[in-house]
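*Asks:* What follows is protein-v4.cif, mmCIF, C-alpha atoms.
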```cif
data_entry
loop_
_atom_site.label_atom_id
_atom_site.label_comp_id
_atom_site.auth_asym_id
_atom_site.auth_seq_id
_atom_site.Cartn_x
_atom_site.Cartn_y
_atom_site.Cartn_z
CA MET A 1 68.47 101.83 142.38
CA LYS A 2 70.11 99.11 144.46
CA LEU A 3 73.70 99.78 145.45
CA LYS A 4 76.41 97.19 144.98
CA GLY A 5 77.87 97.11 148.45
CA SER A 6 76.75 99.00 151.53
CA MET A 7 75.81 102.66 151.76
CA LEU A 8 78.55 104.66 153.50
CA ASP A 9 78.77 108.09 155.09
CA ALA A 10 81.93 110.10 154.41
CA ASP A 11 81.36 112.81 157.03
CA GLY A 12 79.44 112.73 160.29
CA HIS A 13 80.22 114.55 163.52
CA LEU A 14 81.04 114.12 167.16
CA ILE A 15 80.04 116.62 169.82
CA GLU A 16 83.06 117.15 172.04
CA ARG A 17 82.53 118.00 175.70
CA ASP A 18 85.42 119.53 177.58
CA GLU A 19 84.68 117.67 180.81
CA GLU A 20 85.00 114.37 178.93
CA LEU A 21 88.18 115.39 177.13
CA LEU A 22 89.72 116.43 180.45
CA GLU A 23 89.74 112.78 181.50
CA TYR A 24 92.06 112.00 178.58
CA MET A 25 94.50 114.88 179.00
CA GLU A 26 98.13 114.31 179.96
CA ALA A 27 100.08 116.00 182.75
CA PRO A 28 100.13 118.85 183.69
CA TYR A 29 96.52 119.19 182.50
CA LYS A 30 95.09 115.84 183.61
CA GLY A 31 92.59 116.25 186.43
CA ASN A 32 93.07 120.01 186.54
CA ASN A 33 89.52 121.35 186.77
CA THR A 34 90.83 124.89 186.34
CA LEU A 35 90.80 124.15 182.59
CA LEU A 36 87.02 123.85 182.60
CA GLY A 37 86.67 127.58 183.19
CA PHE A 38 87.75 128.21 179.59
CA PRO A 39 86.72 126.48 176.32
CA PHE A 40 89.23 123.88 175.14
CA PHE A 41 88.78 124.92 171.49
CA PRO A 42 88.49 128.47 170.07
CA THR A 43 85.10 129.63 168.84
CA LEU A 44 84.46 128.77 165.19
CA ASP A 45 83.20 132.18 164.11
CA GLY A 46 82.09 134.16 167.15
CA TYR A 47 78.65 132.51 167.30
CA GLN A 48 77.75 130.37 170.31
CA ARG A 49 76.17 127.26 168.79
CA GLY A 50 74.59 126.21 172.08
CA ALA A 51 72.80 129.54 172.39
CA ILE A 52 71.46 129.27 168.84
CA MET A 53 70.17 125.74 169.45
CA ALA A 54 68.60 126.79 172.72
CA ARG A 55 66.72 129.62 170.97
CA LEU A 56 65.50 127.17 168.33
CA GLY A 57 64.50 124.58 170.90
CA ILE A 58 66.66 121.82 169.43
CA HIS A 59 68.94 121.43 172.42
CA LYS A 60 66.65 118.81 173.95
CA GLY A 61 67.89 115.29 173.38
CA TYR A 62 71.11 116.51 171.76
CA THR A 63 73.27 113.88 173.45
CA ILE A 64 75.55 112.33 170.85
CA ASN A 65 77.25 109.10 171.79
CA ALA A 66 77.99 105.75 170.17
CA LYS A 67 74.45 104.51 170.78
CA THR A 68 72.96 107.63 169.17
CA TRP A 69 75.14 107.16 166.13
CA ILE A 70 74.30 103.48 165.72
CA GLU A 71 70.60 104.35 165.93
CA PHE A 72 71.10 106.94 163.18
CA LEU A 73 72.95 104.49 160.95
CA ASP A 74 70.32 101.81 161.46
CA GLY A 75 67.51 104.29 160.88
CA THR A 76 68.91 105.53 157.58
CA GLY A 77 70.28 102.28 156.19
CA ILE A 78 73.88 103.51 156.29
CA GLU A 79 76.42 100.82 157.12
CA SER A 80 79.22 102.96 158.57
CA THR A 81 80.41 106.52 159.02
CA VAL A 82 83.65 108.47 159.38
CA LEU A 83 83.38 110.96 162.21
CA TYR A 84 84.77 114.48 162.42
CA PRO A 85 84.98 116.96 165.31
CA THR A 86 82.67 119.90 165.85
CA ALA A 87 84.38 122.30 168.25
CA GLY A 88 87.65 120.74 167.13
CA LEU A 89 87.20 122.17 163.64
CA ALA A 90 88.70 125.34 165.15
CA PHE A 91 91.81 123.41 166.23
CA ASN A 92 94.07 125.14 163.67
CA MET A 93 93.40 128.45 165.41
CA ILE A 94 95.19 127.36 168.59
CA GLN A 95 98.47 129.27 168.84
CA ASP A 96 100.05 127.36 171.74
CA PRO A 97 101.79 124.12 170.66
CA SER A 98 102.10 123.07 174.29
CA TRP A 99 98.29 122.96 174.44
CA ALA A 100 97.61 121.76 170.89
CA VAL A 101 99.72 118.59 171.13
CA PRO A 102 98.12 117.08 174.26
CA LEU A 103 94.65 118.23 173.19
CA ALA A 104 94.96 116.39 169.87
CA ARG A 105 96.09 113.24 171.67
CA ALA A 106 93.25 113.52 174.18
CA TYR A 107 90.66 113.99 171.44
CA ASN A 108 91.91 110.99 169.46
CA ASN A 109 92.02 108.79 172.58
CA TRP A 110 88.54 109.98 173.64
CA PHE A 111 87.03 109.05 170.27
CA THR A 112 88.68 105.64 170.35
CA ASP A 113 87.49 104.88 173.86
CA LYS A 114 83.97 106.30 173.67
CA PHE A 115 83.01 105.54 170.06
CA HIS A 116 85.33 103.28 168.11
CA LYS A 117 85.54 100.56 170.75
CA ALA A 118 81.74 100.44 170.91
CA SER A 119 81.44 99.67 167.18
CA PRO A 120 84.84 99.31 165.50
CA GLN A 121 83.50 98.51 162.04
CA ARG A 122 80.75 101.13 161.89
CA LEU A 123 82.23 104.12 163.75
CA LYS A 124 85.51 105.30 162.24
CA ALA A 125 87.16 108.72 162.52
CA VAL A 126 89.88 110.99 161.24
CA ALA A 127 92.49 112.26 163.66
CA LEU A 128 93.18 115.75 164.92
CA VAL A 129 96.86 116.47 164.30
CA PRO A 130 98.75 119.35 165.96
CA ILE A 131 100.04 121.28 162.96
CA GLN A 132 101.33 123.89 165.41
CA ASP A 133 104.29 121.49 165.87
CA MET A 134 104.88 119.64 162.62
CA PRO A 135 107.10 116.83 163.96
CA GLU A 136 104.43 116.17 166.58
CA ALA A 137 101.71 116.29 163.92
CA VAL A 138 103.49 113.61 161.92
CA LYS A 139 104.02 111.55 165.05
CA GLU A 140 100.37 111.85 166.12
CA LEU A 141 99.04 110.91 162.69
CA ARG A 142 101.22 107.81 162.73
CA ARG A 143 100.03 106.87 166.23
CA ALA A 144 96.37 107.54 165.47
CA VAL A 145 96.44 105.39 162.34
CA THR A 146 98.66 102.51 163.43
CA GLU A 147 97.65 102.25 167.10
CA LEU A 148 94.11 103.64 167.28
CA GLY A 149 92.78 102.54 163.90
CA MET A 150 91.84 106.01 162.68
CA VAL A 151 91.51 106.39 158.91
CA GLY A 152 93.08 109.78 158.12
CA ALA A 153 93.69 113.31 159.34
CA VAL A 154 91.39 116.31 159.52
CA LEU A 155 92.53 119.91 159.14
CA GLY A 156 90.24 122.88 159.57
CA ALA A 157 89.86 124.58 156.19
CA ASN A 158 90.43 127.89 157.91
CA GLY A 159 92.16 129.08 161.03
CA ALA A 160 95.72 128.13 160.15
CA GLU A 161 96.53 131.79 159.60
CA LEU A 162 95.86 132.38 163.30
CA GLY A 163 97.82 129.37 164.55
CA VAL A 164 100.67 128.64 162.13
CA ARG A 165 99.83 131.62 159.89
CA LYS A 166 100.32 129.82 156.59
CA PRO A 167 97.94 128.40 153.96
CA LEU A 168 97.85 124.64 153.73
CA GLY A 169 99.79 124.50 150.47
CA ASP A 170 102.87 125.88 152.22
CA PRO A 171 105.87 123.51 152.21
CA SER A 172 105.94 123.57 156.02
CA PHE A 173 102.92 121.21 155.89
CA TRP A 174 104.56 118.83 153.45
CA PRO A 175 105.97 116.44 156.10
CA LEU A 176 102.37 115.73 157.15
CA TYR A 177 101.31 115.06 153.57
CA GLU A 178 104.35 112.84 153.08
CA GLU A 179 103.39 110.78 156.13
CA ALA A 180 99.76 110.52 155.03
CA GLU A 181 100.93 109.31 151.63
CA ARG A 182 103.26 106.78 153.27
CA LEU A 183 100.50 105.47 155.55
CA ASP A 184 98.04 105.41 152.61
CA VAL A 185 95.49 107.55 154.46
CA PRO A 186 93.80 110.75 153.30
CA VAL A 187 93.82 114.30 154.59
CA ALA A 188 90.41 115.93 154.86
CA LEU A 189 89.90 119.68 155.02
CA HIS A 190 86.67 120.54 156.77
CA GLY A 191 85.04 123.95 156.78
CA ALA A 192 83.75 125.87 159.80
CA PRO A 193 85.94 128.69 161.16
CA SER A 194 85.47 132.02 159.41
CA ALA A 195 88.12 134.24 160.99
CA SER A 196 90.04 136.34 158.44
CA LEU A 197 87.73 135.37 155.57
CA GLY A 198 86.34 138.89 155.28
CA ILE A 199 82.90 137.96 156.57
CA ASN A 200 83.45 138.86 160.21
CA PHE A 201 81.26 141.95 159.90
CA PHE A 202 78.04 139.94 159.48
CA TYR A 203 75.76 140.16 162.48
CA ARG A 204 73.41 137.33 161.56
CA PHE A 205 74.61 133.74 161.81
CA ALA A 206 72.80 132.57 158.66
CA GLN A 207 74.97 134.86 156.52
CA THR A 208 78.19 133.64 158.08
CA HIS A 209 77.02 130.03 157.86
CA ALA A 210 76.29 130.32 154.13
CA LEU A 211 79.78 131.53 153.22
CA GLU A 212 82.31 130.26 155.75
CA HIS A 213 82.57 126.76 154.31
CA PRO A 214 82.97 127.43 150.55
CA ILE A 215 85.20 130.49 150.90
CA ALA A 216 87.65 128.67 153.16
CA GLN A 217 87.74 125.68 150.82
CA ILE A 218 88.37 127.89 147.79
CA VAL A 219 91.34 129.44 149.59
CA GLN A 220 92.89 126.12 150.56
CA LEU A 221 92.24 124.32 147.27
CA THR A 222 93.89 127.25 145.48
CA SER A 223 96.89 127.11 147.80
CA MET A 224 97.39 123.35 147.62
CA VAL A 225 96.93 123.05 143.86
CA MET A 226 98.94 126.14 142.90
CA GLU A 227 101.78 125.33 145.30
CA GLY A 228 102.16 121.93 143.66
CA VAL A 229 101.12 119.69 146.56
CA PHE A 230 99.45 117.18 144.23
CA GLU A 231 102.47 117.07 141.93
CA ARG A 232 104.90 116.63 144.81
CA PHE A 233 102.76 113.90 146.42
CA PRO A 234 101.26 111.92 143.53
CA LYS A 235 99.47 109.40 145.78
CA LEU A 236 98.06 111.87 148.32
CA ARG A 237 94.26 111.95 148.62
CA VAL A 238 92.58 115.13 149.89
CA ALA A 239 88.92 116.01 150.42
CA TYR A 240 87.37 119.46 150.76
CA LEU A 241 84.27 118.82 152.84
CA GLU A 242 80.97 120.47 153.74
CA ALA A 243 80.95 123.07 151.00
CA GLY A 244 79.19 120.92 148.41
CA ALA A 245 80.50 120.53 144.87
CA GLY A 246 78.80 123.34 142.95
CA TRP A 247 81.64 125.81 143.53
CA VAL A 248 84.30 123.55 142.05
CA PRO A 249 83.75 124.19 138.30
CA TYR A 250 83.88 127.92 138.95
CA ILE A 251 87.21 127.80 140.77
CA MET A 252 88.63 125.39 138.18
CA ASP A 253 87.97 128.00 135.51
CA ARG A 254 89.44 130.79 137.64
CA LEU A 255 92.62 128.87 138.41
CA ASP A 256 93.08 127.77 134.80
CA ARG A 257 92.63 131.34 133.65
CA SER A 258 95.28 132.56 136.08
CA TYR A 259 97.59 129.79 134.93
CA GLU A 260 97.12 130.78 131.28
CA VAL A 261 97.66 134.48 131.93
CA TRP A 262 100.86 134.05 133.92
CA SER A 263 102.46 131.02 132.29
CA GLY A 264 105.65 131.83 130.44
CA LYS A 265 106.02 135.27 131.97
CA GLN A 266 109.45 136.39 133.14
CA VAL A 267 108.30 136.34 136.74
CA GLN A 268 108.06 133.47 139.19
CA GLU A 269 104.30 133.34 139.72
CA PHE A 270 104.07 129.58 140.20
CA SER A 271 105.62 126.92 142.34
CA PRO A 272 108.17 124.84 140.43
CA TRP A 273 106.00 121.88 141.42
CA LEU A 274 103.06 123.13 139.35
CA LYS A 275 103.51 121.18 136.12
CA LYS A 276 100.08 121.38 134.46
CA ARG A 277 96.77 123.20 134.46
CA PRO A 278 95.10 123.31 137.89
CA SER A 279 91.93 121.69 136.55
CA GLU A 280 93.93 118.61 135.57
CA TYR A 281 94.91 118.06 139.19
CA ILE A 282 91.34 118.62 140.36
CA ARG A 283 90.11 115.99 137.91
CA SER A 284 92.94 113.57 138.71
CA GLY A 285 90.85 111.29 140.94
CA ARG A 286 92.78 112.19 144.10
CA ILE A 287 90.82 115.31 145.08
CA TYR A 288 87.34 114.85 146.51
CA PHE A 289 84.34 116.96 147.48
CA ASN A 290 81.12 116.18 149.31
CA CYS A 291 77.50 116.36 148.32
CA GLU A 292 74.32 116.49 150.34
CA GLY A 293 70.67 116.67 149.35
CA GLY A 294 69.18 119.66 147.59
CA GLU A 295 72.30 120.56 145.60
CA ILE A 296 70.82 121.73 142.29
CA THR A 297 74.21 122.27 140.66
CA LEU A 298 75.41 118.71 141.39
CA PRO A 299 74.78 117.26 137.89
CA TYR A 300 76.81 120.04 136.26
CA ALA A 301 79.58 119.67 138.84
CA LEU A 302 79.80 115.95 138.13
CA GLU A 303 79.95 116.69 134.41
CA ARG A 304 82.97 118.95 134.96
CA ILE A 305 84.90 117.13 137.68
CA GLY A 306 83.73 113.54 137.16
CA HIS A 307 81.56 111.41 139.40
CA GLN A 308 84.68 109.78 140.86
CA ALA A 309 85.34 112.94 142.89
CA VAL A 310 82.19 113.28 145.03
CA LEU A 311 81.32 111.69 148.39
CA PHE A 312 77.99 111.43 150.18
CA ALA A 313 78.04 113.05 153.62
CA SER A 314 75.20 112.95 156.14
CA ASP A 315 76.62 115.72 158.38
CA PHE A 316 74.65 114.19 161.28
CA PRO A 317 73.92 115.51 163.88
CA HIS A 318 74.44 118.97 162.39
CA GLU A 319 71.22 120.38 160.94
CA THR A 320 69.76 116.94 160.27
CA ASN A 321 68.05 113.92 161.80
CA ILE A 322 67.02 110.46 160.65
CA GLU A 323 63.99 111.60 158.66
CA ARG A 324 65.75 114.46 156.91
CA ALA A 325 68.76 112.29 156.12
CA LYS A 326 66.52 109.56 154.66
CA HIS A 327 64.83 112.18 152.49
CA GLU A 328 68.18 113.44 151.16
CA ILE A 329 69.38 109.90 150.48
CA GLU A 330 66.21 109.06 148.55
CA GLU A 331 66.48 112.33 146.64
CA LEU A 332 69.98 111.44 145.47
CA LEU A 333 69.19 107.79 144.74
CA HIS A 334 66.23 108.77 142.56
CA HIS A 335 67.84 111.84 140.95
CA GLU A 336 66.95 111.59 137.26
CA GLU A 337 70.00 113.57 136.12
CA LEU A 338 72.48 111.27 137.89
CA SER A 339 73.48 107.97 136.34
CA ASP A 340 73.39 104.74 138.34
CA GLU A 341 77.17 104.65 137.97
CA ALA A 342 77.44 108.09 139.59
CA LYS A 343 75.13 107.10 142.46
CA GLN A 344 77.11 103.94 143.10
CA ALA A 345 80.30 106.00 143.19
CA ILE A 346 78.90 108.71 145.48
CA PHE A 347 77.41 106.39 148.10
CA HIS A 348 80.04 103.65 148.16
CA ASP A 349 82.91 103.37 145.70
CA ASN A 350 84.40 106.85 146.11
CA ILE A 351 84.22 106.69 149.91
CA VAL A 352 86.07 103.36 149.96
CA ARG A 353 88.68 104.68 147.53
CA PHE A 354 89.15 107.96 149.40
CA TYR A 355 89.63 106.51 152.88
CA GLY A 356 91.56 103.50 151.67
CA PRO A 357 91.93 99.95 152.99
CA ARG A 358 91.62 100.88 156.66
CA LEU A 359 87.99 101.87 156.17
CA THR A 360 86.89 98.31 155.50
CA LYS A 361 89.52 96.49 157.56
CA GLN A 362 87.89 94.05 159.98
CA PRO A 363 88.61 95.28 163.53
CA ALA A 364 88.34 93.64 166.93
CA LYS A 365 84.96 92.67 168.37
CA ALA A 366 82.78 95.61 169.42
CA ALA A 367 82.06 96.44 173.04
CA ALA A 368 78.49 96.46 174.35
CA LEU A 369 76.71 99.80 174.00
#
```
Now, as a test, write the supplied structure out as structure tokens.
*Replies:*
Amino acid sequence: MKLKGSMLDADGHLIERDEELLEYMEAPYKGNNTLLGFPFFPTLDGYQRGAIMARLGIHKGYTINAKTWIEFLDGTGIESTVLYPTAGLAFNMIQDPSWAVPLARAYNNWFTDKFHKASPQRLKAVALVPIQDMPEAVKELRRAVTELGMVGAVLGANGAELGVRKPLGDPSFWPLYEEAERLDVPVALHGAPSASLGINFFYRFAQTHALEHPIAQIVQLTSMVMEGVFERFPKLRVAYLEAGAGWVPYIMDRLDRSYEVWSGKQVQEFSPWLKKRPSEYIRSGRIYFNCEGGEITLPYALERIGHQAVLFASDFPHETNIERAKHEIEELLHHEELSDEAKQAIFHDNIVRFYGPRLTKQPAKAAAL
């Protein structure tokens, strides 16, 4: 089918390098090479990604910069992408606010300088926000959106229990959601860290990799829906990314069942902000999930949650390249069980609606690559 409007990518990735981020740090960290003796971000799950890639021989040519990303977009026919961190997905696990605040600012400035300025219309990003200090998180989201042109905020779907030690539905996070709603930008929860998920005893990375994304997203979706976040903030848009969509019908049924069992009991099992069945919030058009190629359960998921809730994500450069991404795109575009309306929504309409007007806003002229 031919899309109406350009093909968009809801979730690609940067590869952060500490020596580059150091250039953007504030005092007392700026220029202090002592910092380079320790990783800026915590490990995602105890596995050293560089070592795994070296064993597989895919470390060669793994430089990711603005030029690399433009080549990927051109090679796949994608018009633009929204970029997420890699190491920074463990940002929630940082326990020191005095480190988290300047690191978030440095990351956001680094992206703007190295990527966004090179191609303002095609390379967008969501901001790291230091939830370890909520007033600073609100302040940084506002700065990143209004001054840097970023299109939302990213929170790691796991790790908060190590840093702020609360699930993301907790009212302590509500000032951030209020600011996102005011700015008309989304909050995206992205999987990766697996600490405290109960899978730490695996000793093979493939097992951890299979579970760390969906389990973390199940935890946070449960928290945010059941604590009434989507009732309290009726215009807030949230995405649960890189876990696919097949798990969503299952958790909808589980949450609705819990709601039915405990509703009307003489105990306070629910937030006073929870006004209806959890599945009604999930199908409200404000909660989004991603899809990639090879997701056999996608047609059923769309039947249950609606095609307005799913975004295409390339995940480049993680586990993909131009040829593989083109194959996954073609697979989705020619999927016989998906309607043309669903395909149009997944590749364009939903992504525009989720990220809002700043995604398509015409920026300043791009710098030369």
*Asks:* From the options A:Ile64, A:Met226, A:Ala239, A:Ala325, which residue's atoms come nearest to Glu280 in chain A, counting all atoms listed in the file?
*Replies:*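 Looking at the shortest contact to Glu280 in chain A, the residue is A:Met226.
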*Asks:* Report, in Å with one decimal, the straight-line distance from CA of Tyr250 in chain A to CA of Lys235 in chain A.
*Replies:*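 About the pair CA of Tyr250 in chain A and CA of Lys235 in chain A: they are 25.2 Å apart.
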*Asks:* How close does range 308-361 of chain A get to range 136-153 of chain A? List, as CSV, each residue of range 308-361 of chain A within 9 Å, its nearest atom pair and the distance in Å to one decimal, counting only C-alpha atoms.
*Replies:*
```
residue,atom,partner,partner_atom,distance
A:Tyr355,CA,A:Val151,CA,6.3
A:Gly356,CA,A:Val151,CA,7.8
A:Pro357,CA,A:Val151,CA,8.8
A:Arg358,CA,A:Val151,CA,6.0
A:Leu359,CA,A:Val151,CA,6.4
```
*Asks:* Put those residues in a file: C-alpha atoms, as a short mmCIF file (atom, residue, chain, number, x, y, z; two decimals), keeping the file's coordinate frame.
*Replies:*
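The resulting file, part-v6.cif, is shown below:
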```
data_model
loop_
_atom_site.label_atom_id
_atom_site.label_comp_id
_atom_site.auth_asym_id
_atom_site.auth_seq_id
_atom_site.Cartn_x
_atom_site.Cartn_y
_atom_site.Cartn_z
CA TYR A 355 89.63 106.51 152.88
CA GLY A 356 91.56 103.50 151.67
CA PRO A 357 91.93 99.95 152.99
CA ARG A 358 91.62 100.88 156.66
CA LEU A 359 87.99 101.87 156.17
#
```
*Asks:* For Ser80 in chain A, which residue out of A:Ala342, A:Met93, A:Ala125, A:Met25 is the nearest one, using all atoms listed in the file?
*Replies:*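 For Ser80 in chain A, the nearest of the given residues is A:Ala125.
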*Asks:* Taking the file as shown, find all residues satisfying the PyMOL selection byres ((chain A and resi 317) around 8) and write them as a ChimeraX atom specification.
*Replies:* /A:12-14,64,315-316,318-321
*Asks:* Distance table requested - range 258-348 of chain A against range 176-186 of chain A, cut-off 12 Å, only C-alpha atoms: one row per qualifying residue with the closest atom pair and its distance in Å to one decimal, ordered by chain and rising residue number, as CSV.
*Replies:*
```
residue,atom,partner,partner_atom,distance
A:Arg286,CA,A:Pro186,CA,9.4
A:Ile287,CA,A:Pro186,CA,9.9
A:Tyr288,CA,A:Pro186,CA,10.2
```
*Asks:* May I have the residues from that selection written out with C-alpha atoms, as a compact mmCIF listing (two decimals), in the frame of the given file?
*Replies:*
```
# COMPACT_ATOMS: atom_id res chain seq x y z
CA ARG A 286 92.78 112.19 144.10
CA ILE A 287 90.82 115.31 145.08
CA TYR A 288 87.34 114.85 146.51
```
*Asks:* Given all atoms listed in the file as the basis, pick out the residue of A:Ala100, A:Ala118, A:Ile351, A:Leu44 nearest to Ser196 in chain A.
*Replies:*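 So, comparing all the options, the nearest one is A:Leu44.
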*Asks:* Need to verify the contact set: Gly198 in chain A, 12 Å, only C-alpha atoms, exclusion of same-chain residues closer than 4 positions in sequence. Can you return it as a list in words?
*Replies:* Asp45, Pro193, Ser194, Phe202, Thr208, Leu211, Glu212, Ile215 and Ala216 of chain A
*Asks:* On this structure, which residues satisfy the PyMOL selection byres ((chain A and resi 232) around 9), written as a PDB file with C-alpha atoms, in the coordinates of the input?
*Replies:*
```
ATOM      1  CA  TRP A 174     104.560 118.830 153.450  1.00  0.00           C
ATOM      2  CA  GLY A 228     102.160 121.930 143.660  1.00  0.00           C
ATOM      3  CA  VAL A 229     101.120 119.690 146.560  1.00  0.00           C
ATOM      4  CA  PHE A 230      99.450 117.180 144.230  1.00  0.00           C
ATOM      5  CA  GLU A 231     102.470 117.070 141.930  1.00  0.00           C
ATOM      6  CA  PHE A 233     102.760 113.900 146.420  1.00  0.00           C
ATOM      7  CA  PRO A 234     101.260 111.920 143.530  1.00  0.00           C
ATOM      8  CA  TRP A 273     106.000 121.880 141.420  1.00  0.00           C
ATOM      9  CA  LEU A 274     103.060 123.130 139.350  1.00  0.00           C
TER      10      LEU A 274
END
```
*Asks:* Measure the distance from CA of Ile305 in chain A to CA of Leu338 in chain A in Å and round it to one decimal.
*Replies:*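 Separating CA of Ile305 in chain A from CA of Leu338 in chain A is a distance of 13.7 Å.
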